[in-house]
Amino acid sequence: MEELERRIDELRGAVRRAAAAGDRARARELRGELRAAESAWDDAVAELEFQSAQPRTAPRAAWPTSAASPPDGRQVDGGPPDAEADAGLRHAGPADAGLADAGLPVAGLSDDPGDSRPRASGTRSLLPIREQVHQALTLIGVPGAPKLIVAVHDAFFSGPLVAARLTSIRRDEERSFRTAPHARAYYLCAALTADLLAPARGLLAVSTWPLAQRVIGPLSPRVDYLTAAIAVADGVRRLPAPTPDATRLLWRFAVNIPGAHAGGRRAQPGLVEQAARAELAVHRDQDLAHRQAAAARAQAQLDEAAQLFGSRLGAAGQTAASR
Amino acid sequence: MTNTEARLDQIRGPVPPRPHNARTIAALTSNPACVRRAILDAAGVDKAKLAAALGLPAPFGQSRFAITRGNAFEQQVKANGCAELLRLLREQLGLPIPEVSYDDLEEVAGNPGLPMRHARTRQLLTRAADSGDDAGTLFDHPLLCLEVGGRLAYLEPDLIAFRLRGKFHVVEIKSFAAIDGQADPDKVAAAAIQSAVYVLALRQLLADSGHAADLVADEVFLVCPENFANRPTAAVLDVRKQLTVLRRQLSRLAFIAELVEALPPDICLDLEPDAAGVARRPAAELAGALHVLPPRYMPECLASCEMCRYCRDGARAETAALGRAVREDLGGVDYVETALQLAAGELTAGGGEEDAAALLRTAERLRLECLQAAQFPAPDFRGSHESLAAPQSLETTA
C-alpha cells in the first residue's frame with residue numbers, strides 16, 4: 001500500500017511538471033497512469049476494509065435488502081438514504097458469500113459494533129413526518145404513543161424520525177382538518193376515551209381506521225399493547241436479518257408479557273406472538289364490547305371533527321363545535 | 001372565619017396561603033415540637049421567601065435534574081397502559097391476569113382543573129369500591145383531598161392499584177435506585193411517610209362515601225430502578241406506624257388555636273413585596289417578629305425546612321443544635337458554653353448535671369491525652385467562646 005501511495009505521489013508530481021512544461025502528450029500519459037494507480041489504491045483500501053470488518057458487514061448487507069422489501073409490503077421511498085449504503089451494496093456480494101461459507105449466524109445482536117454507525121448521520125428522511133408516523137402506525141395497527149411510534153419506525157423503516165416533532169402533530173393535523181376537511185387522504189388523529197369521548201392523552205391514531213379501532217376503553221391500553229406486540233413479532237419474523245433495533249423492541253415487548261420470554265438474550269417472535277395471543281384471548285371480548293358501545297355513542301353524538309379529534313370539556317360556550 | 005384563622009391570615013400578610021402537598025404534610029410529623037414551624041405552616045407562609053428575605057436562604061430546593069429524571073422514570077413505568085408496572089404487580093405481588101383495566105385521571109377530557117379531577121377521581125374510585133367486576137385496576141394520577149389545619153390540600157399519588165386481594169394500594173414511583181435490594185433509608189422513610197399521607201386521604205374519601213376504611217391496604221408499593229439500570233423493581237412498604245404518627249400529628253394541629261392565642265396580637269410576617277416581588281420589609285423587623293415564635297432546631301431540619309439556616313444560626317449556643325444523640329447524652333446541659341466549662345472543670349455540676357459533667361470531664365481528659373501523645377499543643381479555643389454566648393444577644397434584639 002505504501003508503495004502505491006508513493007507511486008501516486010510521484011505520478012502527481014510528474015503530471016504537474018509535464019503540464020507546466022506544456023508537454024500535453026506526456027501529461028496525458030502520466031495522468032492515465034495516475035488514474036490506474038489511484039484505482040488500484042482504492043481497491044486495496046476496499047479489500048482492507050472488507051477483511052477487517054468481515055463479521056460486521058452482515059447488517060450492512062441486510063440493510064439494502066430489508067429496505068427493498070419492507071415487512072408490510074409497501075414501497076419505501078428513496079431506499080437507503082445513505083451514500084455509504086452503496087458501499088454496503090457492493091459488499092453485499094462478498095459478505096454474503098463469505099458468511100454463507102463460514103456458516104456464521106447473521107449477526108443482529110446489540111453487541112454488534114459495525115451497525116453502530118448512525119444511520120442518521122447527516123441524512124434527512126425523504127418522507128415527511130406524517131408519512132413516517134403513518135407507516136409506523138399502520139404496521140402496529142393500534143393507536144400508539146410517540147415513543148412507541150419512534151421505536152417501531154427505527155426498527156423497521158429507514159430514515160430518522162425525530163421524536164420532538166411528534167408533540168405538535170396532533171394539533172397541526174386538527175387545524176389542517178378544520179380548515180379543509182377531507183383534503184388529505186388520511187389524517188393523524190386522536191384516540192378517544194370510551195367514557196367521555198375525549199382525546200386520550202399522548203396517543204396518535206389514523207383517521208382511516210374504523211371508530212371502534214380508535215376508541216380506548218379501560219382494557220384497551222393492554223389489548224393494544226398485545227396487538228402491537230403481535231404485529232412487531234410478525235414484522236421481525238419477516239425481516240430477512242433482524243436489526244438490533246427490531247430485536248430490542250421485540251425484547252421490550254417480550255419481557256412484559258407473561259410466557260413470552262423463555263430466558264436467554266434473544267426474544268423469539270413465535271413465542272412472543274403465542275403468549276400475546278393467549279393473554280389477548282382473556283381480555284378481548286370485554287374490550288370489544290366497551291369499544292363498540294363507545295363507538296356507537298360517538299357516532300350518534302359527535303360531529304366529524306370531534307369523531308376524529310375528540311371533544312373536550314372546556315369552558316361553557318367554547319365547546320360549540322363539538323356539540 | 002374563626003378567630004384563629006383570622007389571626008393566621010394576619011400573621012401571613014396579604015398573600016394567598018401556600019398550599020399543602022404530601023411532602024409538607026409529611027414534614028409536619030418530623031419536628032412536632034417546633035412552635036415556629038407549626039405557626040408558619042398553619043398560616044401558609046412561604047418559608048423559602050421568608051428565609052431569603054432574612055438573608056439565610058434555604059440550601060435546597062428541588063433539583064431540576066432530579067425532577068426530570070423522576071418524571072422520565074415514571075413515564076417509562078407507566079408507558080403503554082402501565083406495561084412494566086403490570087409485570088411487576090403480576091410477578092412480585094400476584095395480580096391476576098384479567099386485571100388490566102387502566103383509567104387516566106391526569107386530566108378530565110382535556111381539562112386539567114383540580115376540582116374536576118377530584119370529582120372524577122371520587123366517582124371512579126367509589127364505583128370501583130361499589131361494583132364487582134367492572135371495578136378498574138389502575139388509576140393513574142388520581143387527585144385526593146385532605147383537610148389539614150382547616151385548609152384543603154390536594155394530593156396526587158402516582159397511581160392507585162386495586163383488586164390486589166380486593167384492596168386499594170397506593171403505588172409510589174420514585175427514581176432513587178434500590179441496589180442489591182437496598183435503597184437509601186432516608187429516602188425510603190420519606191417515601192413511606194408521603195405514601196402514608198395518601199393512604200390517609202384515600203381512606204377518608206372512601207369513608208365519606210360510606211365504605212369501610214380498611215378497603216385501603218396498609219401496604220404501599222414502592223417502584224424504583226433496580227441496581228444501576230432503568231428496569232423497575234417493586235417493594236412493599238408497611239406504613240402502619242407512619243399512619244399512626246400522622247394521625248396523631250394531624251389531630252394535634254387542632255391545638256394550633258392555643259399556640260396562636262399565646263402570641264402578641266400585632267405580630268406580622270408580611271414581606272411587603274414591591275411590584276417586582278422583591279421583599280422590602282427590613283430583615284431586623286422580620287427577625288424580631290420571628291423571635292416571638294420559639295423554634296426547636298435539630299440537624300434534621302436541614303433536610304426538611306426552609307428556615308433551617310436561620311434557626312441554626314440562632315441555636316448556635318445550644319447543645320440541642322448538635323443532634324438528638326448529643327442532647328440525650330448531655331442531659332440537662334443546654335448551652336455549649338456550660339458544657340465546655342463543665343468539661344474543663346471550671347464549673348461545678350449542679351443538680352442533675354453530674355452524669356453529663358462526668359462524661360464531659362472524661363472526654364476532655366481523653367482528648368488532652370490524645371493531643372499530647374501526638375505532640376500537638378492543646379489549642380485554647382476558650383477565647384472564641386464569646387461569640388457563642390448567644391443567649392444574651394438574643395434577648396437584646398427582642
# chains A, B, ... in the order shown; residues from 1 in each chain; ligands from 1
call {"tool": "interface_residues", "arguments": {"of": "chain A", "to": "chain B", "cutoff": "6 Å", "atoms": "only C-alpha atoms", "output": "count of residues only"}}
result
8
call {"tool": "residues_around", "arguments": {"residues": "Trp209 of chain A", "least_positions_apart": "5", "cutoff": "10 Å", "atoms": "only C-alpha atoms", "output": "list of chain:residue names"}}
result
A:Thr138, A:Gly141, A:Val142, A:Pro143, A:Tyr186, A:Arg214
call {"tool": "closest_residue", "arguments": {"among": "A:Leu204, A:Ala180, A:Ile257, A:Leu161", "to": "Leu137 of chain A", "atoms": "only C-alpha atoms"}}
result
A:Leu204
call {"tool": "residues_around", "arguments": {"residues": "Leu89 of chain B", "least_positions_apart": "6", "cutoff": "12 Å", "atoms": "only C-alpha atoms", "output": "JSON, numbers by chain"}}
result
{"A": [256, 258], "B": [77, 82, 83, 95, 96, 97, 99, 100, 137, 138, 161, 162, 163, 164, 165, 169, 171, 221, 222, 223, 232, 233, 234, 235, 236]}
call {"tool": "select_by_dssp", "arguments": {"residues": "segment 51-95 of chain B", "states": "helix (DSSP H, G or I)", "output": "PyMOL selection string"}}
result
chain B and resi 51-53+64-93
call {"tool": "atom_distance", "arguments": {"atom1": "atom CA of Met116 of chain B", "atom2": "atom CA of Asp140 of chain B"}}
result
15.1 Å
call {"tool": "residues_around", "arguments": {"residues": "segment 273-283 of chain B", "least_positions_apart": "3", "cutoff": "8 Å", "atoms": "only C-alpha atoms", "output": "short mmCIF file (atom, residue, chain, number, x, y, z; two decimals) with C-alpha atoms, in the first residue's frame"}}
result
data_model
loop_
_atom_site.label_atom_id
_atom_site.label_comp_id
_atom_site.auth_asym_id
_atom_site.auth_seq_id
_atom_site.Cartn_x
_atom_site.Cartn_y
_atom_site.Cartn_z
CA ALA B 53 -35.59 37.88 52.97
CA LEU B 54 -33.74 37.21 56.23
CA GLY B 55 -30.54 36.68 54.30
CA ASP B 270 -45.61 40.14 55.78
CA LEU B 286 -38.71 40.15 60.48
CA ALA B 287 -36.16 38.67 62.85
#
